[in-house]
>>> print(open('model-v5.txt').read())   # compact mmCIF, C-alpha atoms
# COMPACT_ATOMS: atom_id res chain seq x y z
CA MET A 1 115.18 -27.26 -69.80
CA PHE A 2 114.54 -30.70 -68.37
CA SER A 3 111.19 -30.28 -66.64
CA ILE A 4 107.73 -30.51 -68.07
CA GLY A 5 107.02 -27.02 -66.73
CA ASP A 6 109.63 -25.67 -69.15
CA ILE A 7 108.07 -27.07 -72.31
CA MET A 8 104.34 -27.33 -71.54
CA THR A 9 101.73 -25.26 -73.34
CA ARG A 10 100.62 -22.70 -70.78
CA ASP A 11 97.69 -21.32 -72.75
CA LEU A 12 95.48 -24.09 -71.55
CA LEU A 13 92.30 -24.52 -73.52
CA THR A 14 89.64 -26.39 -71.57
CA VAL A 15 86.01 -27.36 -71.89
CA GLY A 16 83.24 -27.76 -69.32
CA PRO A 17 81.55 -31.13 -68.69
CA SER A 18 78.12 -29.67 -69.51
CA LYS A 19 79.15 -28.61 -73.00
CA SER A 20 78.23 -30.78 -75.97
CA VAL A 21 80.63 -33.10 -77.72
CA GLU A 22 79.99 -31.02 -80.82
CA HIS A 23 81.26 -27.92 -79.01
CA ALA A 24 84.39 -29.78 -77.91
CA ALA A 25 84.96 -31.02 -81.47
CA THR A 26 84.60 -27.49 -82.84
CA LEU A 27 87.12 -26.18 -80.32
CA MET A 28 89.58 -28.94 -81.20
CA ASN A 29 89.20 -28.24 -84.93
CA GLN A 30 89.53 -24.49 -84.52
CA HIS A 31 92.70 -24.79 -82.47
CA ARG A 32 94.01 -27.90 -84.25
CA ILE A 33 94.45 -29.86 -81.07
CA GLY A 34 93.68 -33.46 -80.27
CA GLY A 35 92.44 -33.19 -76.70
CA LEU A 36 90.92 -30.88 -74.11
CA PRO A 37 91.10 -31.12 -70.34
CA VAL A 38 87.60 -31.03 -68.87
CA VAL A 39 87.42 -28.52 -66.06
CA GLU A 40 84.57 -27.79 -63.66
CA ASP A 41 84.90 -24.99 -61.10
CA GLY A 42 88.63 -24.86 -61.81
CA ARG A 43 88.98 -28.54 -60.98
CA LEU A 44 90.14 -31.12 -63.49
CA VAL A 45 87.40 -33.74 -63.90
CA GLY A 46 88.39 -35.49 -67.12
CA ILE A 47 89.87 -35.25 -70.57
CA ILE A 48 88.18 -35.49 -73.95
CA THR A 49 90.23 -36.47 -76.97
CA SER A 50 89.53 -36.60 -80.68
CA ARG A 51 89.16 -40.36 -80.29
CA ASP A 52 86.39 -39.84 -77.70
CA VAL A 53 84.73 -37.36 -80.04
CA ARG A 54 84.82 -39.81 -82.95
CA SER A 55 83.21 -42.57 -80.90
CA SER A 56 80.48 -40.43 -79.30
CA HIS A 57 77.25 -38.90 -80.54
CA PHE A 58 77.64 -35.15 -81.08
CA ASN A 59 74.57 -34.48 -78.95
CA ARG A 60 76.16 -36.01 -75.87
CA LEU A 61 77.52 -34.03 -73.01
CA VAL A 62 81.27 -33.86 -72.71
CA ALA A 63 80.76 -35.51 -69.30
CA ASP A 64 79.35 -38.54 -71.12
CA ALA A 65 82.16 -38.81 -73.64
CA MET A 66 85.29 -37.86 -71.66
CA SER A 67 87.74 -40.16 -69.90
CA ARG A 68 87.61 -39.66 -66.17
CA GLN A 69 91.03 -41.16 -65.55
CA VAL A 70 93.42 -38.33 -66.39
CA VAL A 71 97.14 -38.91 -66.19
CA VAL A 72 98.60 -35.78 -64.65
CA VAL A 73 102.14 -34.67 -63.89
CA PRO A 74 103.57 -31.90 -61.76
CA MET A 75 105.52 -29.11 -63.44
CA GLU A 76 108.73 -30.46 -61.92
CA CYS A 77 108.33 -33.86 -63.62
CA SER A 78 111.34 -34.68 -65.79
CA LEU A 79 110.98 -35.15 -69.53
CA TRP A 80 112.05 -38.77 -69.23
CA GLU A 81 109.55 -39.54 -66.47
CA ALA A 82 106.84 -37.95 -68.60
CA LYS A 83 107.88 -40.08 -71.58
CA GLU A 84 107.65 -43.23 -69.48
CA LEU A 85 104.16 -42.23 -68.32
CA LEU A 86 102.96 -41.58 -71.85
CA GLU A 87 104.28 -44.90 -73.04
CA ARG A 88 103.00 -46.86 -70.05
CA HIS A 89 99.48 -45.49 -70.40
CA ARG A 90 99.60 -45.39 -74.21
CA ILE A 91 98.30 -41.85 -74.32
CA GLU A 92 99.09 -38.80 -76.40
CA ARG A 93 99.09 -36.02 -73.82
CA LEU A 94 99.62 -35.25 -70.16
CA VAL A 95 97.85 -32.58 -68.17
CA VAL A 96 100.23 -30.58 -66.00
CA VAL A 97 98.95 -29.67 -62.55
CA ARG A 98 100.06 -27.35 -59.80
CA ASN A 99 98.49 -27.66 -56.36
CA GLY A 100 95.93 -29.96 -57.94
CA LEU A 101 94.84 -27.41 -60.53
CA PRO A 102 95.48 -27.79 -64.26
CA VAL A 103 98.04 -25.28 -65.51
CA GLY A 104 99.25 -26.70 -68.80
CA ILE A 105 99.34 -29.57 -71.22
CA VAL A 106 102.16 -31.40 -72.95
CA THR A 107 101.78 -33.63 -75.98
CA LYS A 108 103.80 -36.63 -77.06
CA SER A 109 105.21 -34.82 -80.10
CA GLN A 110 106.22 -31.79 -78.01
CA LEU A 111 107.98 -34.09 -75.59
CA TYR A 112 109.72 -36.16 -78.26
CA VAL A 113 111.05 -33.06 -80.02
CA GLU A 114 112.52 -31.85 -76.72
CA LEU A 115 113.92 -35.26 -75.81
CA GLY A 116 115.53 -35.50 -79.24
CA LYS A 117 117.72 -32.58 -78.23
CA HIS A 118 119.17 -34.70 -75.42
CA ILE A 119 120.19 -37.56 -77.68
CA ASP A 120 123.71 -37.65 -78.95
CA ALA A 121 123.50 -37.51 -82.74
CA LEU A 122 126.68 -39.53 -83.29
CA THR A 123 126.00 -42.54 -81.10
CA GLY A 124 122.22 -42.36 -80.60
CA LEU A 125 122.81 -42.54 -76.85
CA GLN A 126 121.30 -40.22 -74.29
CA ARG A 127 123.44 -37.31 -73.15
CA ALA A 128 124.76 -36.53 -69.68
CA GLU A 129 121.59 -34.70 -68.55
CA PHE A 130 119.65 -37.91 -68.87
CA LEU A 131 122.07 -39.70 -66.56
CA GLN A 132 121.79 -36.89 -64.00
CA ARG A 133 118.00 -36.95 -64.06
CA LYS A 134 117.64 -40.70 -64.02
CA ALA A 135 120.06 -41.08 -61.11
CA SER A 136 118.35 -38.28 -59.22
CA GLU A 137 114.97 -39.89 -59.80
CA PHE A 138 116.20 -43.23 -58.44
CA LEU A 139 117.64 -41.63 -55.32
CA GLN A 140 114.43 -39.72 -54.71
CA ASN A 141 112.55 -42.99 -54.84
CA GLY A 142 114.90 -44.40 -52.23
CA LYS A 143 116.67 -46.75 -54.64
CA GLU A 144 120.29 -47.78 -54.44
CA ILE A 145 122.25 -46.70 -57.49
CA ALA A 146 125.72 -47.07 -58.90
CA ILE A 147 127.45 -44.89 -61.47
CA ILE A 148 129.90 -46.48 -63.85
CA PHE A 149 132.13 -44.01 -65.63
CA LEU A 150 134.08 -45.38 -68.57
CA ASP A 151 136.81 -43.41 -70.26
CA LEU A 152 138.45 -44.69 -73.45
CA ASP A 153 142.23 -45.05 -73.15
CA ASP A 154 144.28 -42.73 -75.29
CA PHE A 155 141.46 -42.02 -77.70
CA GLY A 156 143.16 -38.78 -78.74
CA ALA A 157 145.89 -40.86 -80.36
CA ILE A 158 143.31 -42.72 -82.48
CA ASP A 159 141.86 -39.41 -83.63
CA LYS A 160 145.31 -38.10 -84.51
CA GLU A 161 146.43 -41.29 -86.23
CA LEU A 162 143.28 -42.14 -88.23
CA GLY A 163 141.50 -38.80 -88.39
CA HIS A 164 138.22 -37.70 -86.86
CA VAL A 165 136.04 -39.58 -89.34
CA TRP A 166 137.44 -42.89 -88.17
CA GLY A 167 137.45 -41.59 -84.63
CA ASP A 168 133.70 -41.04 -84.91
CA LYS A 169 133.19 -44.51 -86.34
CA ILE A 170 135.09 -46.00 -83.43
CA LEU A 171 132.90 -44.06 -80.99
CA GLN A 172 129.78 -45.40 -82.70
CA GLN A 173 131.13 -48.94 -82.39
CA VAL A 174 132.00 -48.35 -78.73
CA ALA A 175 128.41 -47.26 -78.15
CA GLN A 176 127.15 -50.46 -79.78
CA VAL A 177 129.45 -52.65 -77.71
CA LEU A 178 128.44 -50.95 -74.46
CA ARG A 179 124.75 -51.02 -75.40
CA SER A 180 124.88 -54.77 -75.79
CA ALA A 181 126.59 -55.10 -72.40
CA VAL A 182 123.85 -53.30 -70.47
CA GLU A 183 120.33 -54.39 -69.69
CA ASP A 184 117.33 -52.23 -70.63
CA GLY A 185 115.28 -51.10 -67.67
CA VAL A 186 118.11 -51.73 -65.21
CA ASP A 187 121.11 -49.95 -66.67
CA TYR A 188 120.89 -46.53 -68.35
CA LEU A 189 123.75 -45.78 -70.69
CA SER A 190 124.75 -42.34 -71.91
CA ARG A 191 127.56 -40.68 -73.79
CA TYR A 192 128.78 -38.36 -71.09
CA ALA A 193 131.22 -36.35 -73.20
CA GLY A 194 133.78 -36.91 -76.01
CA ASP A 195 135.17 -40.37 -75.34
CA GLU A 196 133.50 -40.82 -71.96
CA PHE A 197 130.50 -43.02 -71.37
CA ALA A 198 128.52 -43.44 -68.19
CA VAL A 199 125.90 -45.79 -66.84
CA VAL A 200 123.53 -45.36 -63.94
CA THR A 201 122.30 -48.70 -62.73
CA THR A 202 119.97 -49.96 -60.05
CA ARG A 203 121.89 -53.22 -59.74
CA PRO A 204 123.31 -53.98 -56.31
CA PHE A 205 126.76 -52.46 -55.92
CA GLU A 206 128.62 -55.77 -56.29
CA ASP A 207 126.77 -56.46 -59.56
CA ALA A 208 127.52 -52.93 -60.76
CA LYS A 209 131.24 -53.61 -60.28
CA LYS A 210 130.86 -56.79 -62.35
CA LEU A 211 129.04 -54.85 -65.06
CA ALA A 212 131.87 -52.29 -65.18
CA LEU A 213 134.35 -55.11 -65.70
CA GLN A 214 132.12 -56.68 -68.38
CA MET A 215 131.97 -53.37 -70.23
CA VAL A 216 135.74 -52.97 -70.20
CA THR A 217 136.22 -56.61 -71.22
CA ALA A 218 133.66 -56.30 -74.03
CA LEU A 219 135.74 -53.46 -75.53
CA THR A 220 138.90 -55.53 -75.32
CA ARG A 221 137.26 -58.50 -77.06
CA GLU A 222 135.75 -56.46 -79.88
CA SER A 223 137.34 -56.48 -83.34
CA TRP A 224 138.23 -52.93 -84.33
CA PRO A 225 139.14 -51.43 -87.71
CA TYR A 226 142.82 -51.40 -88.64
CA GLU A 227 143.32 -54.01 -85.90
CA LEU A 228 143.26 -51.20 -83.40
CA ARG A 229 143.23 -51.95 -79.73
CA VAL A 230 140.48 -49.93 -78.15
CA THR A 231 140.36 -50.16 -74.39
CA GLY A 232 138.71 -48.29 -71.58
CA SER A 233 139.10 -47.72 -67.85
CA ALA A 234 136.13 -47.63 -65.56
CA GLY A 235 135.36 -46.13 -62.18
CA VAL A 236 132.41 -47.12 -60.04
CA ALA A 237 130.69 -45.18 -57.27
CA GLY A 238 127.53 -46.16 -55.49
CA GLY A 239 124.96 -44.29 -53.44
CA ARG A 240 121.99 -45.14 -51.32
CA ARG A 241 119.54 -42.94 -49.45
CA THR A 242 117.16 -44.01 -46.81
CA CYS A 243 115.03 -40.87 -46.63
CA SER A 244 113.81 -38.81 -49.55
CA ARG A 245 115.10 -35.26 -50.01
CA ARG A 246 114.38 -32.35 -52.26
CA GLN A 247 115.20 -32.82 -55.94
CA GLU A 248 117.83 -30.06 -56.03
CA ASP A 249 119.75 -31.83 -53.28
CA GLU A 250 119.63 -35.09 -55.22
CA VAL A 251 121.15 -33.38 -58.25
CA HIS A 252 124.15 -32.36 -56.13
CA THR A 253 124.49 -35.87 -54.75
CA VAL A 254 124.38 -37.34 -58.23
CA SER A 255 127.03 -34.87 -59.40
CA ASP A 256 129.21 -35.98 -56.49
CA LEU A 257 128.77 -39.63 -57.41
CA ILE A 258 129.54 -39.00 -61.08
CA ASN A 259 132.61 -37.06 -60.05
CA MET A 260 133.76 -39.87 -57.77
CA ALA A 261 133.27 -42.43 -60.54
CA SER A 262 135.05 -40.16 -63.02
CA LEU A 263 138.08 -39.73 -60.69
CA ALA A 264 138.11 -43.49 -60.12
CA SER A 265 138.26 -44.08 -63.88
CA THR A 266 141.20 -41.68 -64.11
CA LYS A 267 142.90 -43.61 -61.30
CA ALA A 268 142.19 -46.89 -63.13
CA LYS A 269 143.82 -45.47 -66.23
CA LYS A 270 146.91 -44.34 -64.29
CA GLU A 271 147.23 -47.62 -62.45
CA LYS A 272 146.47 -49.61 -65.63
CA LYS A 273 143.58 -51.42 -63.97
CA PRO A 274 140.34 -52.14 -65.82
CA VAL A 275 138.13 -50.96 -62.97
CA VAL A 276 138.66 -48.90 -59.83
CA VAL A 277 135.95 -48.72 -57.21
CA ALA A 278 135.47 -45.34 -55.58
CA GLY A 279 133.17 -46.77 -52.96
CA MET A 280 129.64 -46.89 -51.76
CA VAL A 281 128.29 -43.71 -50.22
CA GLU A 282 125.62 -43.92 -47.54
CA LEU A 283 123.49 -40.80 -47.73
CA LYS A 284 121.93 -40.36 -44.34
CA GLU A 285 120.96 -36.69 -44.24
CA ALA A 286 117.56 -35.97 -42.78
CA GLY A 287 114.79 -34.99 -45.18
CA MET B 1 52.64 6.02 -111.13
CA ALA B 2 51.37 2.44 -111.61
CA SER B 3 50.58 0.57 -108.39
CA LYS B 4 51.61 -3.06 -107.98
CA SER B 5 48.76 -5.51 -107.52
CA LEU B 6 48.48 -7.17 -104.12
CA PHE B 7 47.25 -10.39 -105.74
CA PRO B 8 49.47 -12.73 -107.71
CA SER B 9 48.90 -12.98 -111.38
CA PRO B 10 47.35 -16.26 -112.57
CA SER B 11 50.77 -17.45 -113.78
CA GLU B 12 52.39 -17.22 -110.31
CA PRO B 13 52.16 -20.34 -108.04
CA LYS B 14 49.86 -20.10 -105.06
CA ARG B 15 51.46 -20.76 -101.68
CA LYS B 16 49.45 -21.78 -98.68
CA ALA B 17 50.39 -22.87 -95.21
CA GLU B 18 48.36 -25.57 -93.62
CA VAL B 19 48.69 -25.75 -89.86
CA SER B 20 47.79 -28.89 -88.07
CA ILE B 21 48.09 -29.08 -84.30
CA ARG B 22 48.08 -32.09 -82.03
CA LEU B 23 47.99 -31.20 -78.39
CA SER B 24 48.61 -33.69 -75.67
CA GLU B 25 49.81 -33.54 -72.13
CA PHE B 26 53.54 -33.71 -71.55
CA GLU B 27 53.95 -36.60 -69.17
CA ILE B 28 55.81 -35.87 -65.99
CA PRO B 29 57.98 -37.77 -65.71
CA PRO B 30 58.42 -38.39 -69.44
CA MET B 31 60.63 -41.44 -69.04
CA GLN B 32 58.02 -43.83 -67.67
CA ASP B 33 59.34 -46.64 -65.46
CA VAL B 34 62.61 -47.73 -67.05
CA LEU B 35 65.06 -46.21 -69.50
CA LEU B 36 67.81 -48.20 -71.14
CA VAL B 37 70.55 -45.98 -72.57
CA GLY B 38 72.54 -47.32 -75.50
CA LYS B 39 76.32 -47.01 -75.48
CA LYS B 40 76.31 -44.65 -78.45
CA ALA B 41 72.96 -43.04 -77.81
CA PRO B 42 72.58 -39.30 -78.40
CA ILE B 43 72.31 -38.83 -74.66
CA GLY B 44 74.61 -40.40 -72.08
CA PRO B 45 74.27 -41.37 -68.40
CA GLU B 46 75.41 -38.00 -67.06
CA ALA B 47 72.89 -36.12 -69.17
CA ILE B 48 70.18 -38.62 -68.23
CA LYS B 49 71.01 -38.18 -64.55
CA ARG B 50 70.75 -34.39 -64.85
CA MET B 51 67.48 -34.65 -66.77
CA VAL B 52 65.96 -37.09 -64.30
CA ASN B 53 67.06 -35.05 -61.30
CA ALA B 54 65.64 -31.89 -62.81
CA LEU B 55 62.31 -33.38 -63.90
CA SER B 56 61.62 -35.85 -61.12
CA PRO B 57 63.98 -35.37 -58.21
CA ASP B 58 64.52 -38.42 -55.99
CA GLN B 59 62.24 -40.65 -58.03
CA TYR B 60 64.74 -42.49 -60.20
CA GLU B 61 68.10 -44.11 -59.81
CA VAL B 62 70.71 -44.31 -62.57
CA THR B 63 72.83 -47.44 -62.78
CA GLN B 64 75.97 -47.66 -64.93
CA LEU B 65 76.13 -50.97 -66.79
CA ASP B 66 78.81 -53.21 -68.17
CA HIS B 67 76.76 -54.49 -71.10
CA ASP B 68 77.22 -55.06 -74.84
CA ILE B 69 74.49 -52.63 -75.91
CA PHE B 70 73.50 -50.49 -72.95
CA GLN B 71 75.61 -48.07 -70.97
CA ALA B 72 73.13 -47.21 -68.24
CA ALA B 73 69.68 -47.95 -66.92
CA VAL B 74 67.29 -45.59 -65.19
CA LEU B 75 64.87 -47.31 -62.84
CA LYS B 76 61.95 -45.84 -60.98
CA LYS B 77 62.62 -46.21 -57.29
CA SER B 78 59.04 -47.22 -56.51
CA LEU B 79 59.39 -50.08 -59.00
CA VAL B 80 62.60 -51.29 -57.43
CA LYS B 81 60.80 -51.33 -54.12
CA LEU B 82 58.41 -53.92 -55.59
CA LEU B 83 61.02 -55.92 -57.46
CA PRO B 84 64.69 -55.57 -56.52
CA GLU B 85 67.06 -54.19 -59.14
CA GLU B 86 69.04 -57.44 -59.39
CA LYS B 87 65.84 -59.25 -60.39
CA LEU B 88 64.35 -56.55 -62.60
CA LEU B 89 67.41 -55.37 -64.49
CA PRO B 90 68.40 -58.71 -66.11
CA ILE B 91 64.86 -59.08 -67.45
CA MET B 92 64.83 -55.54 -68.80
CA LEU B 93 68.23 -55.94 -70.42
CA GLU B 94 67.31 -59.23 -72.02
CA GLU B 95 64.08 -57.86 -73.46
CA GLY B 96 65.65 -54.53 -74.38
CA SER B 97 68.48 -56.26 -76.26
CA HIS B 98 65.95 -57.77 -78.67
CA ILE B 99 64.75 -54.39 -79.90
CA ALA B 100 67.50 -51.86 -79.22
CA THR B 101 70.86 -50.93 -80.70
CA GLU B 102 73.80 -49.09 -79.13
CA ARG B 103 72.41 -45.87 -80.59
CA THR B 104 68.97 -45.97 -79.03
CA VAL B 105 67.38 -45.05 -75.74
CA VAL B 106 64.52 -47.39 -74.88
CA LYS B 107 61.75 -46.43 -72.51
CA ALA B 108 59.61 -49.09 -70.91
CA GLN B 109 56.44 -49.16 -68.95
CA VAL B 110 56.59 -51.93 -66.41
CA ASN B 111 53.74 -53.28 -64.37
CA VAL B 112 54.59 -55.48 -61.46
CA VAL B 113 51.84 -57.40 -59.77
CA ILE B 114 52.68 -59.14 -56.55
CA GLN B 115 50.65 -62.21 -55.92
CA VAL B 116 50.35 -63.39 -52.37
CA ASN B 117 48.47 -66.35 -51.04
CA ARG B 118 48.48 -66.73 -47.32
CA VAL B 119 46.85 -69.19 -45.04
CA ALA B 120 45.58 -68.27 -41.64
CA ASP B 121 44.68 -70.74 -38.95
CA LEU B 122 41.01 -70.82 -38.08
>>> encode(input="model-v5.txt", output="structure tokens")
Amino acid sequence: MFSIGDIMTRDLLTVGPSKSVEHAATLMNQHRIGGLPVVEDGRLVGIITSRDVRSSHFNRLVADAMSRQVVVVPMECSLWEAKELLERHRIERLVVVRNGLPVGIVTKSQLYVELGKHIDALTGLQRAEFLQRKASEFLQNGKEIAIIFLDLDDFGAIDKELGHVWGDKILQQVAQVLRSAVEDGVDYLSRYAGDEFAVVTTRPFEDAKKLALQMVTALTRESWPYELRVTGSAGVAGGRRTCSRRQEDEVHTVSDLINMASLASTKAKKEKKPVVVAGMVELKEAG
Amino acid sequence: MASKSLFPSPSEPKRKAEVSIRLSEFEIPPMQDVLLVGKKAPIGPEAIKRMVNALSPDQYEVTQLDHDIFQAAVLKKSLVKLLPEEKLLPIMLEEGSHIATERTVVKAQVNVVIQVNRVADL
């Protein structure tokens, strides 16, 4: 359930541009909603919100009170892309379109509730799905990405020795350390599973390798409870596509990259190296 | 069986309706030469446009404004032929601003007299 189409309200309530603002306000009150897409002959021509209603005379036409610039998204839009759109435009709702026609609406609160399910409660980091989607989105936009997969060394021993409560505290601290090593808007950190963390970054591959080393080093330099030594091993895999492909294909490519980075981190652990580079994959398939 | 009187007893109040009628011709078009539409007026530019097109097709043009008080102006095309919009509109907005608020629609009758003095060689 990662697409807007999965969570949108399908019972779309709309209003015509020739209706009065009063009519729109009554509809909004009756249905306890804060906005209505304005539709004429099946075509989306605007949106009227409770804010527009408050600032307009009730006698006005909806056409004279609505906003004509409507931010729309396709049903396939990811939850995270939708969140970025809402925040960038500082709006409360997005109209969902299919073949140019409005088919649903999604509000900020609906979206945030759904996104909350993809946040790891222990560390506050995004979960693996976020990494998949973000990486897929970058590849679709023709960007070069790198996946850094970081696995804590012998974390099971910490759990056994100190108990799971302390184990959880260590994981929270690891998340903090890694969060301060990455840069917002460039690197996207997630807790992939148990004691595994992953980053998708748009840094050039060489810089991604440096970041992986910085993350491992940051763990080594951190002071841990009971003077523990918490270390990690990282694997890095990069990918670049020159022509855009279908989203489903990108998901497979991202899975491959994550897998490569994960295997590289296992190799790093075995070889007792901080970072092992799986390589840079050129993705040249035709679109 | 006692019948009820059709007339009110002296204690009941008398009610009368007084009808006064003023008839005058509805002007077509009713908006005269210029309309200035306030930003929060009961009627907006789209409604004005529909009204104007229905009542006097092709005789007026509606201009959206970026102004403190007014959102749109409706100008009679024949007037704009005499005095271009870029000359007429600033005058109308300046004068309209003195008497209007964001909530009003102002209508104005405008007379433009062109004075021409020409010299011809004898």
>>> interface_residues(input="model-v5.txt", of="chain A", to="chain B", cutoff="9 Å", atoms="all atoms listed in the file", output="list in words")
Ser18, Ser55, Ser56, His57, Phe58, Asn59, Arg60, Leu61, Ala63, Asp64 and Ala65 of chain A
>>> atom_distance(input="model-v5.txt", atom1="atom CA of Arg88 of chain A", atom2="atom CA of Thr253 of chain A")
28.6 Å
>>> residues_near_point(input="model-v5.txt", point="(62.4, -45.1, -59.3)", cutoff="12 Å", atoms="all atoms listed in the file", output="VMD selection string")
chain B and resid 29 31 to 35 52 to 53 56 to 63 73 to 85 110
>>> residues_around(input="model-v5.txt", residues="segment 12-15 of chain A", least_positions_apart="4", cutoff="7 Å", atoms="all atoms listed in the file", output="short mmCIF file (atom, residue, chain, number, x, y, z; two decimals) with C-alpha atoms, keeping the file's coordinate frame")
data_model
loop_
_atom_site.label_atom_id
_atom_site.label_comp_id
_atom_site.auth_asym_id
_atom_site.auth_seq_id
_atom_site.Cartn_x
_atom_site.Cartn_y
_atom_site.Cartn_z
CA ALA A 24 84.39 -29.78 -77.91
CA LEU A 36 90.92 -30.88 -74.11
CA PRO A 37 91.10 -31.12 -70.34
CA VAL A 38 87.60 -31.03 -68.87
CA VAL A 39 87.42 -28.52 -66.06
CA VAL A 103 98.04 -25.28 -65.51
CA GLY A 104 99.25 -26.70 -68.80
CA ILE A 105 99.34 -29.57 -71.22
#
>>> closest_residue(input="model-v5.txt", among="A:Leu101, A:Leu125, A:Ile145, A:Ile158", to="Tyr192 of chain A", atoms="all atoms listed in the file")
A:Leu125
>>> residues_around(input="model-v5.txt", residues="segment 172-180 of chain A", least_positions_apart="4", cutoff="7 Å", atoms="all atoms listed in the file", output="PDB file with C-alpha atoms, in the frame of the given file")
ATOM      1  CA  LEU A 122     126.680 -39.530 -83.290  1.00  0.00           C
ATOM      2  CA  THR A 123     126.000 -42.540 -81.100  1.00  0.00           C
ATOM      3  CA  ASP A 168     133.700 -41.040 -84.910  1.00  0.00           C
ATOM      4  CA  MET A 215     131.970 -53.370 -70.230  1.00  0.00           C
ATOM      5  CA  ALA A 218     133.660 -56.300 -74.030  1.00  0.00           C
ATOM      6  CA  LEU A 219     135.740 -53.460 -75.530  1.00  0.00           C
TER       7      LEU A 219
END
>>> residues_around(input="model-v5.txt", residues="Thr220 of chain A", least_positions_apart="2", cutoff="10 Å", atoms="all atoms listed in the file", output="compact mmCIF listing (two decimals) with C-alpha atoms, keeping the file's coordinate frame")
# COMPACT_ATOMS: atom_id res chain seq x y z
CA GLN A 214 132.12 -56.68 -68.38
CA MET A 215 131.97 -53.37 -70.23
CA VAL A 216 135.74 -52.97 -70.20
CA THR A 217 136.22 -56.61 -71.22
CA ALA A 218 133.66 -56.30 -74.03
CA GLU A 222 135.75 -56.46 -79.88
CA SER A 223 137.34 -56.48 -83.34
CA TRP A 224 138.23 -52.93 -84.33
CA ARG A 229 143.23 -51.95 -79.73
CA VAL A 230 140.48 -49.93 -78.15
CA THR A 231 140.36 -50.16 -74.39
CA GLY A 232 138.71 -48.29 -71.58
>>> closest_residue(input="model-v5.txt", among="A:Met8, A:Ala234, A:Val200, A:Ile33", to="Ala128 of chain A", atoms="only C-alpha atoms")
A:Val200
>>> residues_around(input="model-v5.txt", residues="Gly124 of chain A", least_positions_apart="3", cutoff="10 Å", atoms="only C-alpha atoms", output="list in words")
Gly116, His118, Ile119, Asp120, Ala121, Arg127, Gln172, Ala175, Gln176, Ser190 and Arg191 of chain A
>>> atom_distance(input="model-v5.txt", atom1="atom CA of Leu85 of chain A", atom2="atom CA of Lys108 of chain A")
10.4 Å
>>> atom_distance(input="model-v5.txt", atom1="atom CA of Val112 of chain B", atom2="atom CA of Ile91 of chain B")
12.4 Å
>>> closest_residue(input="model-v5.txt", among="A:Thr266, A:Thr107, A:Ser20, A:Ser67", to="Ala82 of chain A", atoms="all atoms listed in the file")
A:Thr107
>>> residues_around(input="model-v5.txt", residues="Gly35 of chain A", least_positions_apart="6", cutoff="10 Å", atoms="all atoms listed in the file", output="list in words")
Leu13, Thr14, Val15, Ala24, Ala25, Leu27, Met28, Ile47, Ile48, Thr49, Ser50, Arg51, Asp52, Val53, Met66, Glu92, Arg93, Leu94, Ile105 and Thr107 of chain A
